[in-house]
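Data file: coords_15.csv. Format and content: CSV, C-alpha atoms (C1' of nucleotides).
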chain,number,residue,atom,x,y,z
A,26,MET,CA,141.1,92.9,-5.1
A,27,ALA,CA,139.9,96.4,-4.6
A,28,LEU,CA,136.2,96.9,-4.0
A,29,MET,CA,134.3,98.7,-6.7
A,30,ASP,CA,131.4,99.6,-4.5
A,31,GLY,CA,131.0,101.8,-1.4
A,32,ASN,CA,132.2,99.2,1.1
A,33,GLN,CA,135.8,100.2,1.4
A,34,GLY,CA,136.8,100.4,5.0
A,35,PHE,CA,133.8,98.5,6.2
A,36,ALA,CA,135.8,95.8,7.9
A,37,GLU,CA,138.3,98.3,9.2
A,38,ILE,CA,135.5,100.3,11.0
A,39,VAL,CA,134.0,97.2,12.5
A,40,LEU,CA,137.5,95.9,13.5
A,41,GLU,CA,138.2,99.2,15.4
A,42,TRP,CA,134.9,98.9,17.2
A,43,TYR,CA,135.6,95.2,18.0
A,44,GLY,CA,139.0,96.1,19.5
A,45,LEU,CA,137.2,98.4,22.0
A,46,VAL,CA,134.2,96.2,23.0
A,47,ALA,CA,134.9,92.6,22.2
A,48,ARG,CA,133.9,90.2,24.9
A,49,ASP,CA,136.6,88.1,26.5
A,50,LEU,CA,135.1,84.7,25.7
A,51,PRO,CA,137.3,81.7,26.7
A,52,TRP,CA,137.2,80.1,23.3
A,53,ARG,CA,138.6,83.2,21.8
A,54,ARG,CA,141.8,82.9,23.8
A,55,PRO,CA,144.8,81.3,22.1
A,56,GLU,CA,145.0,78.5,24.7
A,57,ALA,CA,141.5,77.3,23.7
A,58,GLY,CA,143.1,75.6,20.7
A,59,PRO,CA,141.2,74.1,17.7
A,60,TRP,CA,139.4,71.6,19.8
A,61,GLY,CA,138.2,74.3,22.2
A,62,VAL,CA,137.0,76.3,19.2
A,63,LEU,CA,135.2,73.4,17.6
A,64,VAL,CA,133.5,72.5,20.9
A,65,SER,CA,132.4,76.1,21.3
A,66,GLU,CA,131.0,76.4,17.8
A,67,VAL,CA,128.9,73.2,18.1
A,68,MET,CA,127.6,74.3,21.5
A,69,LEU,CA,126.8,77.7,20.2
A,70,GLN,CA,124.6,76.3,17.4
A,71,GLN,CA,121.2,77.8,18.4
A,72,THR,CA,122.3,78.2,22.0
A,73,PRO,CA,123.1,81.5,23.6
A,74,VAL,CA,126.6,82.4,24.8
A,75,ASN,CA,125.6,82.7,28.5
A,76,ARG,CA,124.4,79.2,28.7
A,77,VAL,CA,127.3,77.8,26.8
A,78,LEU,CA,130.0,79.3,29.0
A,79,PRO,CA,129.8,76.9,32.0
A,80,ALA,CA,129.1,73.9,29.8
A,81,TRP,CA,132.2,74.6,27.7
A,82,GLU,CA,134.4,75.0,30.8
A,83,ALA,CA,133.2,71.7,32.2
A,84,TRP,CA,133.5,69.9,28.8
A,85,MET,CA,137.0,71.1,28.2
A,86,ALA,CA,138.1,70.2,31.7
A,87,ARG,CA,136.9,66.7,31.3
A,88,TRP,CA,137.9,66.2,27.7
A,89,PRO,CA,140.8,68.5,26.9
A,90,VAL,CA,141.5,66.6,23.6
A,91,PRO,CA,139.3,64.8,21.1
A,92,ALA,CA,140.9,61.4,22.0
A,93,ALA,CA,139.7,61.8,25.6
A,94,LEU,CA,136.1,62.2,24.5
A,95,ALA,CA,136.4,59.4,21.9
A,96,ALA,CA,137.5,57.0,24.6
A,97,GLU,CA,134.3,57.3,26.5
A,98,PRO,CA,130.8,56.1,25.6
A,99,SER,CA,128.7,58.5,23.6
A,100,GLY,CA,126.1,58.5,26.4
A,101,GLU,CA,128.6,60.4,28.6
A,102,ALA,CA,128.7,63.1,26.0
A,103,VAL,CA,124.9,63.2,26.1
A,104,ARG,CA,125.0,63.4,29.8
A,105,MET,CA,127.6,66.2,29.9
A,106,TRP,CA,125.5,68.1,27.4
A,107,GLY,CA,123.0,68.7,30.1
A,108,ARG,CA,120.3,71.1,29.2
A,109,LEU,CA,122.0,72.9,26.3
A,110,GLY,CA,119.3,71.6,24.0
A,111,TYR,CA,119.5,69.7,20.7
A,112,PRO,CA,121.3,66.8,22.2
A,113,ARG,CA,122.0,65.2,18.9
A,114,ARG,CA,124.8,67.8,18.8
A,115,ALA,CA,126.5,65.9,21.7
A,116,LEU,CA,126.3,62.7,19.8
A,117,ARG,CA,127.8,64.1,16.7
A,118,LEU,CA,130.5,65.8,18.6
A,119,HIS,CA,131.4,62.4,20.0
A,120,GLN,CA,131.3,60.9,16.5
A,121,ALA,CA,133.5,63.8,15.3
A,122,ALA,CA,136.0,63.0,18.1
A,123,VAL,CA,136.1,59.4,17.0
A,124,ALA,CA,136.6,60.4,13.4
A,125,MET,CA,139.4,62.7,14.3
A,126,VAL,CA,141.2,59.9,16.1
A,127,GLU,CA,140.7,57.5,13.2
A,128,ARG,CA,141.4,59.9,10.4
A,129,HIS,CA,143.5,62.8,11.7
A,130,GLY,CA,145.7,61.4,14.5
A,131,GLY,CA,143.4,62.9,17.1
A,132,ALA,CA,143.8,66.4,15.8
A,133,VAL,CA,141.2,68.8,14.5
A,134,PRO,CA,141.8,69.0,10.8
A,135,ASP,CA,142.7,72.4,9.4
A,136,ASP,CA,141.2,72.4,6.0
A,137,LEU,CA,137.6,73.2,5.1
A,138,GLU,CA,136.9,69.9,3.3
A,139,ALA,CA,138.0,67.7,6.1
A,140,LEU,CA,136.2,69.8,8.6
A,141,LEU,CA,133.0,69.5,6.6
A,142,ALA,CA,133.3,65.8,6.6
A,143,LEU,CA,133.0,65.6,10.4
A,144,PRO,CA,129.6,64.8,11.8
A,145,GLY,CA,127.7,67.8,13.0
A,146,VAL,CA,130.0,70.2,11.1
A,147,GLY,CA,128.2,72.2,8.4
A,148,THR,CA,129.1,75.2,6.3
A,149,TYR,CA,129.1,77.6,9.1
A,150,THR,CA,131.0,75.6,11.7
A,151,ALA,CA,133.7,74.4,9.2
A,152,ARG,CA,134.4,78.0,8.2
A,153,ALA,CA,134.3,79.2,11.8
A,154,VAL,CA,136.9,76.6,12.9
A,155,ALA,CA,139.1,77.3,9.9
A,156,ALA,CA,139.0,81.0,10.6
A,157,PHE,CA,139.0,81.2,14.3
A,158,ALA,CA,141.2,78.2,15.2
A,159,PHE,CA,143.5,78.2,12.2
A,160,ARG,CA,143.4,81.9,11.3
A,161,GLN,CA,142.5,81.3,7.7
A,162,ARG,CA,140.7,83.7,5.4
A,163,HIS,CA,137.1,82.5,4.9
A,164,ALA,CA,133.7,84.1,4.8
A,165,VAL,CA,132.0,83.1,8.0
A,166,ILE,CA,128.2,83.6,7.9
A,167,ASP,CA,126.0,82.9,10.8
A,168,VAL,CA,122.6,84.4,11.6
A,169,ASN,CA,124.3,87.5,13.0
A,170,VAL,CA,126.4,88.2,9.9
A,171,ARG,CA,123.5,87.5,7.7
A,172,ARG,CA,121.4,90.0,9.4
A,173,LEU,CA,124.2,92.6,9.5
A,174,ILE,CA,124.9,92.3,5.8
A,175,ALA,CA,121.2,92.3,4.9
A,176,ARG,CA,120.8,95.6,6.8
A,177,ALA,CA,124.1,97.4,6.3
A,178,VAL,CA,124.9,96.4,2.8
A,179,GLU,CA,121.7,95.3,1.2
A,180,GLY,CA,119.5,97.7,3.0
A,181,THR,CA,116.8,95.2,3.8
A,182,ALA,CA,115.3,93.7,6.9
A,183,GLU,CA,114.7,90.4,5.4
A,184,GLY,CA,113.9,87.4,7.5
A,185,PRO,CA,116.1,84.4,7.8
A,186,THR,CA,117.1,83.0,4.4
A,187,ALA,CA,119.3,80.2,3.2
A,188,ILE,CA,122.9,81.2,2.8
A,189,GLY,CA,124.2,80.7,-0.7
A,190,ARG,CA,127.4,81.2,-2.7
A,191,ARG,CA,126.4,84.7,-3.4
A,192,ASP,CA,126.3,85.6,0.2
A,193,LEU,CA,129.7,83.9,0.7
A,194,ALA,CA,131.2,85.9,-2.1
A,195,LEU,CA,129.7,89.2,-0.8
A,196,VAL,CA,131.1,88.7,2.7
A,197,GLU,CA,134.5,87.5,1.4
A,198,ASP,CA,134.7,90.8,-0.6
A,199,LEU,CA,134.4,92.6,2.7
A,200,LEU,CA,137.2,90.7,4.3
A,201,PRO,CA,140.7,92.2,4.5
A,202,GLU,CA,143.3,90.4,2.3
A,203,ASP,CA,145.5,89.4,5.2
A,204,ALA,CA,144.3,86.1,6.7
A,205,GLU,CA,144.9,87.0,10.3
A,206,THR,CA,143.1,90.3,9.9
A,207,ALA,CA,140.3,88.6,8.0
A,208,ALA,CA,139.8,86.1,10.8
A,209,GLN,CA,139.5,89.0,13.3
A,210,ALA,CA,137.1,90.7,10.9
A,211,SER,CA,134.9,87.6,10.8
A,212,ALA,CA,134.7,87.6,14.6
A,213,ALA,CA,134.0,91.3,14.6
A,214,PHE,CA,131.1,91.0,12.1
A,215,MET,CA,129.6,88.3,14.3
A,216,GLU,CA,130.1,90.4,17.4
A,217,LEU,CA,128.5,93.4,15.9
A,218,GLY,CA,125.5,91.4,14.9
A,219,ALA,CA,125.3,89.8,18.3
A,220,LEU,CA,125.6,92.9,20.4
A,221,VAL,CA,124.4,95.9,18.3
A,222,CYS,CA,122.7,94.8,15.1
A,223,VAL,CA,120.4,92.5,17.0
A,224,ALA,CA,117.2,91.0,15.6
A,225,ARG,CA,114.4,92.7,17.5
A,226,THR,CA,115.6,96.1,18.6
A,227,PRO,CA,118.9,97.1,16.9
A,228,ARG,CA,120.9,99.6,18.9
A,229,CYS,CA,121.7,101.8,15.9
A,230,ALA,CA,122.7,104.7,18.0
A,231,GLY,CA,125.8,102.8,19.1
A,232,CYS,CA,126.6,101.2,15.8
A,233,PRO,CA,130.0,102.0,14.3
A,234,VAL,CA,128.6,101.7,10.7
A,235,ARG,CA,125.4,103.7,11.2
A,236,GLU,CA,126.5,106.4,8.8
A,237,ARG,CA,126.8,104.0,6.0
A,238,CYS,CA,124.1,101.5,6.9
A,239,CYS,CA,121.8,101.2,3.9
A,240,TRP,CA,118.9,100.0,6.0
A,241,LEU,CA,119.2,102.9,8.5
A,242,ILE,CA,119.6,105.4,5.7
A,243,ALA,CA,116.5,104.0,4.0
A,244,GLY,CA,114.5,104.7,7.1
A,245,SER,CA,114.7,101.2,8.7
A,246,PRO,CA,112.0,99.7,6.5
A,247,PRO,CA,110.3,96.6,8.0
A,248,ALA,CA,110.6,93.2,6.5
A,249,ASP,CA,108.2,92.7,3.6
A,250,GLY,CA,108.3,89.0,3.2
A,251,PRO,CA,106.0,86.6,5.0
A,252,ALA,CA,106.7,86.2,8.7
A,253,ARG,CA,108.5,83.1,9.5
A,254,LYS,CA,106.6,80.2,10.9
A,255,PRO,CA,106.3,80.1,14.7
A,256,GLN,CA,108.6,77.6,16.3
A,257,GLY,CA,106.1,76.1,18.7
A,258,TYR,CA,107.2,73.8,21.4
A,259,ALA,CA,104.6,73.0,23.9
A,260,GLY,CA,103.0,69.7,23.1
A,261,THR,CA,105.4,68.8,20.3
A,262,ASP,CA,107.5,65.6,20.1
A,263,ARG,CA,110.5,67.7,20.8
A,264,GLN,CA,109.1,68.6,24.3
A,265,VAL,CA,108.3,64.9,24.9
A,266,ARG,CA,111.8,63.8,23.8
A,267,GLY,CA,113.3,66.5,26.0
A,268,ARG,CA,111.5,65.2,29.0
A,269,LEU,CA,112.3,61.6,28.3
A,270,LEU,CA,116.0,62.3,27.8
A,271,ALA,CA,116.1,64.4,31.0
A,272,VAL,CA,115.1,61.3,32.9
A,273,LEU,CA,117.7,59.2,31.3
A,274,ARG,CA,120.4,61.8,31.7
A,275,ASP,CA,119.7,62.3,35.4
A,276,ALA,CA,119.7,58.6,36.2
A,277,ASP,CA,122.9,56.8,37.1
A,278,GLY,CA,122.1,53.7,35.1
A,279,PRO,CA,119.3,52.0,33.2
A,280,ILE,CA,115.7,52.8,34.2
A,281,GLU,CA,112.4,51.1,33.9
A,282,ALA,CA,109.9,52.2,31.3
A,283,ALA,CA,107.5,53.2,34.0
A,284,LEU,CA,109.7,56.1,35.0
A,285,LEU,CA,109.5,57.3,31.4
A,286,ASP,CA,105.8,56.8,31.2
A,287,ALA,CA,105.4,59.2,34.1
A,288,VAL,CA,106.7,62.2,32.1
A,289,TRP,CA,104.0,62.2,29.4
A,290,ASP,CA,100.5,60.9,29.7
A,291,GLU,CA,99.6,60.4,26.0
A,292,PRO,CA,101.0,57.0,25.1
A,293,VAL,CA,101.0,57.2,21.3
A,294,GLN,CA,103.1,60.4,21.3
A,295,ARG,CA,105.2,59.2,24.2
A,296,ASP,CA,106.1,56.0,22.4
A,297,ARG,CA,106.8,57.8,19.2
A,298,ALA,CA,109.2,60.2,21.0
A,299,LEU,CA,111.0,57.3,22.7
A,300,ARG,CA,111.3,55.5,19.4
A,301,GLY,CA,112.8,58.6,18.0
A,302,LEU,CA,115.4,58.8,20.7
A,303,LEU,CA,116.3,55.2,20.1
A,304,ASP,CA,116.5,55.7,16.3
A,305,ASP,CA,118.7,58.7,16.8
A,306,GLY,CA,121.0,56.8,19.1
A,307,LEU,CA,120.4,59.1,22.0
A,308,ALA,CA,119.0,56.2,24.0
A,309,VAL,CA,119.2,52.4,24.0
A,310,ALA,CA,117.1,49.5,25.2
A,311,VAL,CA,119.4,47.5,27.4
A,312,ALA,CA,116.7,44.9,28.2
A,313,PRO,CA,113.0,44.5,27.7
A,314,GLY,CA,111.4,47.5,29.4
A,315,TRP,CA,114.8,49.0,30.5
A,316,TYR,CA,116.4,52.1,28.9
A,317,ALA,CA,119.6,54.0,29.3
A,318,LEU,CA,121.9,56.5,27.6
A,319,PRO,CA,124.0,54.7,24.9
A,320,GLY,CA,127.2,52.9,25.6
A,321,GLY,CA,126.6,52.5,29.3
A,322,VAL,CA,125.9,49.5,31.6
A,323,PRO,CA,125.7,46.2,29.8
A,324,ALA,CA,122.3,44.5,29.9
A,325,ASP,CA,123.4,41.5,32.0
A,326,SER,CA,124.4,43.8,34.9
A,327,ILE,CA,120.8,44.7,35.6
A,328,ALA,CA,119.7,43.2,38.9
B,21,DT,C1',113.5,73.2,0.1
B,22,DA,C1',110.9,72.6,4.3
B,23,DT,C1',110.8,70.4,8.4
B,24,DC,C1',112.6,68.5,12.4
B,25,DC,C1',115.5,68.8,16.3
B,26,DG,C1',115.7,71.5,23.0
B,27,DT,C1',115.9,74.9,26.1
B,28,DG,C1',115.5,79.1,28.5
B,29,DG,C1',115.8,84.3,28.8
B,30,DC,C1',113.6,88.3,27.7
B,31,DA,C1',110.8,92.4,25.8
C,9,DT,C1',102.0,86.7,29.6
C,10,DT,C1',103.6,84.8,25.3
C,11,DG,C1',106.0,84.9,21.3
C,12,DC,C1',110.5,85.8,19.6
C,13,DC,C1',115.0,84.5,19.3
C,14,DA,C1',119.6,82.2,19.9
C,15,DA,C1',127.6,81.4,16.7
C,16,DG,C1',123.0,75.4,12.5
C,17,DG,C1',122.9,70.6,10.7
C,18,DA,C1',120.8,66.7,8.6
C,19,DT,C1',117.5,64.8,5.8
Translate this structure into structure tokens?
Amino acid sequence: MALMDGNQGFAEIVLEWYGLVARDLPWRRPEAGPWGVLVSEVMLQQTPVNRVLPAWEAWMARWPVPAALAAEPSGEAVRMWGRLGYPRRALRLHQAAVAMVERHGGAVPDDLEALLALPGVGTYTARAVAAFAFRQRHAVIDVNVRRLIARAVEGTAEGPTAIGRRDLALVEDLLPEDAETAAQASAAFMELGALVCVARTPRCAGCPVRERCCWLIAGSPPADGPARKPQGYAGTDRQVRGRLLAVLRDADGPIEAALLDAVWDEPVQRDRALRGLLDDGLAVAVAPGWYALPGGVPADSIA
DNA sequence: TATCCGTGGCA
DNA sequence: TTGCCAAGGAT
């Protein structure tokens, strides 16, 4: 459908720019396949590209298909995850691999609904896989696209907001009709947000849509809403969980509780964090006072 | 809807 | 140095 506003040609401009400067990321290559795309999308959730690159290569080399991952204990996924952060993603990716073997013959499903049903796959990831792996026409909105649209189309510098149907409809209207071109445009929007229309100091001088950017034209007004809450990390349960899991990850097998006690001196918080890891399935108690990554050495093998 | 969930680079 | 921020998802 023809656009009735001033956004004709928006995708075409960004696509032309993308053709000139796009990064050669391995999961964008055709040989990556749907599984490679899915793995990359999950790893990239809240983790920068540069840190994902080596982890993705190692992961794909070890588990080139979902069935290979599904055949191993979930703890191996957690171990391979290394220090990417948010290790529950590793657990869910393993669960997703199991689900794909059980429900899809070991293949990554190609429709939005089936993708959404996979553990760890939400609105963004489902659409990204459908678009980038299967070249379908879907609006793909991550934090980069959200920011780009807020500035260029809506003329605001609003902080992070939930992505709703209205946003999906708006972005879909920007997409070219042809599915393959639309998939490229989705990648191009994300790239523009990631490289030029960045959060802190946007590089507007090098932006291909600077002449039609509503935010720039309006004088780059600052965000008016309340600043978002500080993330905070030092001293939180997340930090304690991270330290505990690092010990489990770096060990070959089960370890004594004393080794875990050494990473945090406050016992109440330490115990709460460990209980959290056990509840999440990121760790298991293999015997009284002995802990390990899940699915590893059976309890009776402890000397 | 707000909160929780890791980690590290960078301005 | 210290916040800010990063291809979100689950509850």
Which residues of chain C come within 8 Å of chain A, and what is each one's closest atom pair and distance in Å (one decimal), counting only C-alpha atoms (C1' of nucleotides), sorted by chain and residue number, as CSV?
residue,atom,partner,partner_atom,distance
C:DC13,C1',A:Ala224,CA,7.8
C:DA14,C1',A:Gln71,CA,4.9
C:DA15,C1',A:Leu69,CA,5.2
C:DG16,C1',A:Gln70,CA,5.2
C:DG17,C1',A:Gly147,CA,6.0
Find the residues around Pro89 in chain A up to 12 Å (all atoms listed in the file counted), leave out those fewer than 2 positions away in its own chain, and share them as an mmCIF file with C-alpha atoms, in the coordinates of the input.
data_model
loop_
_atom_site.group_PDB
_atom_site.id
_atom_site.type_symbol
_atom_site.label_atom_id
_atom_site.label_comp_id
_atom_site.auth_asym_id
_atom_site.auth_seq_id
_atom_site.Cartn_x
_atom_site.Cartn_y
_atom_site.Cartn_z
ATOM 1 C CA GLU A 56 145.000 78.500 24.700
ATOM 2 C CA ALA A 57 141.500 77.300 23.700
ATOM 3 C CA GLY A 58 143.100 75.600 20.700
ATOM 4 C CA PRO A 59 141.200 74.100 17.700
ATOM 5 C CA TRP A 60 139.400 71.600 19.800
ATOM 6 C CA GLY A 61 138.200 74.300 22.200
ATOM 7 C CA VAL A 62 137.000 76.300 19.200
ATOM 8 C CA LEU A 63 135.200 73.400 17.600
ATOM 9 C CA VAL A 64 133.500 72.500 20.900
ATOM 10 C CA TRP A 81 132.200 74.600 27.700
ATOM 11 C CA GLU A 82 134.400 75.000 30.800
ATOM 12 C CA ALA A 83 133.200 71.700 32.200
ATOM 13 C CA TRP A 84 133.500 69.900 28.800
ATOM 14 C CA MET A 85 137.000 71.100 28.200
ATOM 15 C CA ALA A 86 138.100 70.200 31.700
ATOM 16 C CA ARG A 87 136.900 66.700 31.300
ATOM 17 C CA PRO A 91 139.300 64.800 21.100
ATOM 18 C CA ALA A 92 140.900 61.400 22.000
ATOM 19 C CA ALA A 93 139.700 61.800 25.600
ATOM 20 C CA LEU A 94 136.100 62.200 24.500
ATOM 21 C CA ALA A 95 136.400 59.400 21.900
ATOM 22 C CA ALA A 122 136.000 63.000 18.100
ATOM 23 C CA GLY A 131 143.400 62.900 17.100
ATOM 24 C CA ALA A 132 143.800 66.400 15.800
#
Using only C-alpha atoms (C1' of nucleotides), which chain A residues lie at most 8 Å away from chain B, written as a list in words?
Arg108, Leu109, Gly110, Tyr111, Pro112, Arg113, Arg263, Gln264 and Gly267 of chain A
For Phe159 in chain A, which residue out of A:Val126, A:Leu269, A:Ala208, A:Leu141 is the nearest one, using only C-alpha atoms?
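Under the stated criterion, the closest residue is A:Ala208.
In terms of minimum interatomic distance to Asp198 in chain A, A:Ser211 ranks closest within A:Gln120, A:Ser211, A:Thr226, A:Gln294, counting all atoms listed in the file.
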As an exercise, work out the distance from C1' of DC12 in chain C to CA of Ala298 in chain A in Å and give it to one decimal place.
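C1' of DC12 in chain C sits 25.7 Å away from CA of Ala298 in chain A.
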All residues 6 Å or closer to range 310-316 of chain A, all atoms listed in the file, same chain fewer than 5 positions away omitted, as a count of residues only:
5
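Computed from the coordinates, the CA of Leu45 in chain A to CA of Leu220 in chain A distance equals 12.9 Å.
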Could you jot down the CA of Glu202 in chain A to CA of Gln161 in chain A separation for me, Å, one decimal place?
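Interatomic distance, CA of Glu202 in chain A to CA of Gln161 in chain A: 10.6 Å.
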Tell me which protein, DNA and RNA residues are within 12 Å of Gly231 in chain A, counting all atoms listed in the file, leaving out same-chain ones fewer than 5 positions away, and put them as a ChimeraX atom specification.
/A:39,42,46,217,220-223,236
Just checking: using only C-alpha atoms (C1' of nucleotides), which residue out of A:Ala158, A:Asp203, A:Ala177, A:Ala259 ends up closest to DT10 in chain C?
A:Ala259
